[in-house]
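Student: Here it is, the structure in full.
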Amino acid sequence: MNNDIWNPAGSIELAHRQALTCVCDAYLFHLVSLHRRPVYRHQYGDISLNQPALQGFIDSYLKDKGWDIERRRAHYINILDLIKYLHRSNSGFIDWGTVPALTPRGIRWMNACLSRLGEMVNSYGGWKGYIAAVEEDQKDENRL
């Protein structure tokens, strides 16, 4: 299983998806270990997260910055704590696997992304204000 990250069985898209899934799982496990549920605590309120939402958010953020799929995959692998994962020893009796972990830098990066999201949503006056602004933009695009 450890080789799946380094030598994917399929394509670069599969390797990207696997690395992104590991990063999102690791961050969600981190949040649950802190708050007993998958929420990012922002100064303006909690941001509830699940894996699909987190995957879409961080991947589209990097894609919008112009990062290609290979660069995004490399970034995800770099923020995973692979040393801890490869040298795991949960139990000598039964080991059903180890949850992925992020490096401290990876945790800081994920926190910074969600902090920026919270600031952006707050600038619109909250989530309802943001949704209204997006819908207004879509109406404007449809008129053109």
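Lettering and numbering for the structure tokens are positional, with chains as A, B, ... in the shown order, residues counted from 1 in each chain, and ligands counted from 1 in the shown order.
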Would you mind listing what lies within 12 Å of Leu114 (chain A) as number ranges by chain, with only C-alpha atoms counted and same-chain residues fewer than 4 positions away left out?
Tutor: A: 27, 39-49, 53-54, 57-58, 61, 107-110, 118-121
Student: Write down as a PyMOL selection string the residues belonging to region 9-94 of chain A that are assigned strand (DSSP E) by DSSP computed on the backbone.
Tutor: chain A and resi 39-42+45-48
Student: Tell me, as number ranges by chain, which residues lie within 7 Å of Thr103 (chain A), counting only C-alpha atoms; anything in the same chain fewer than 6 positions away does not count.
Tutor: A: 79-81
Student: Nearest to Leu14 (chain A) among A:Ala26, A:Ile69, A:Ser60, A:Tyr130, with distances taken over only C-alpha atoms: which residue is it?
Tutor: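 Residue with the minimum atom-to-atom distance to Leu14 (chain A): A:Ile69.
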Student: Which of these residues is nearest to Arg73 (chain A), using only C-alpha atoms: A:Arg116, A:Gly126, A:Gln18, A:Ser33?
Tutor: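 Among A:Arg116, A:Gly126, A:Gln18, A:Ser33, it is A:Gln18 that comes nearest to Arg73 (chain A).
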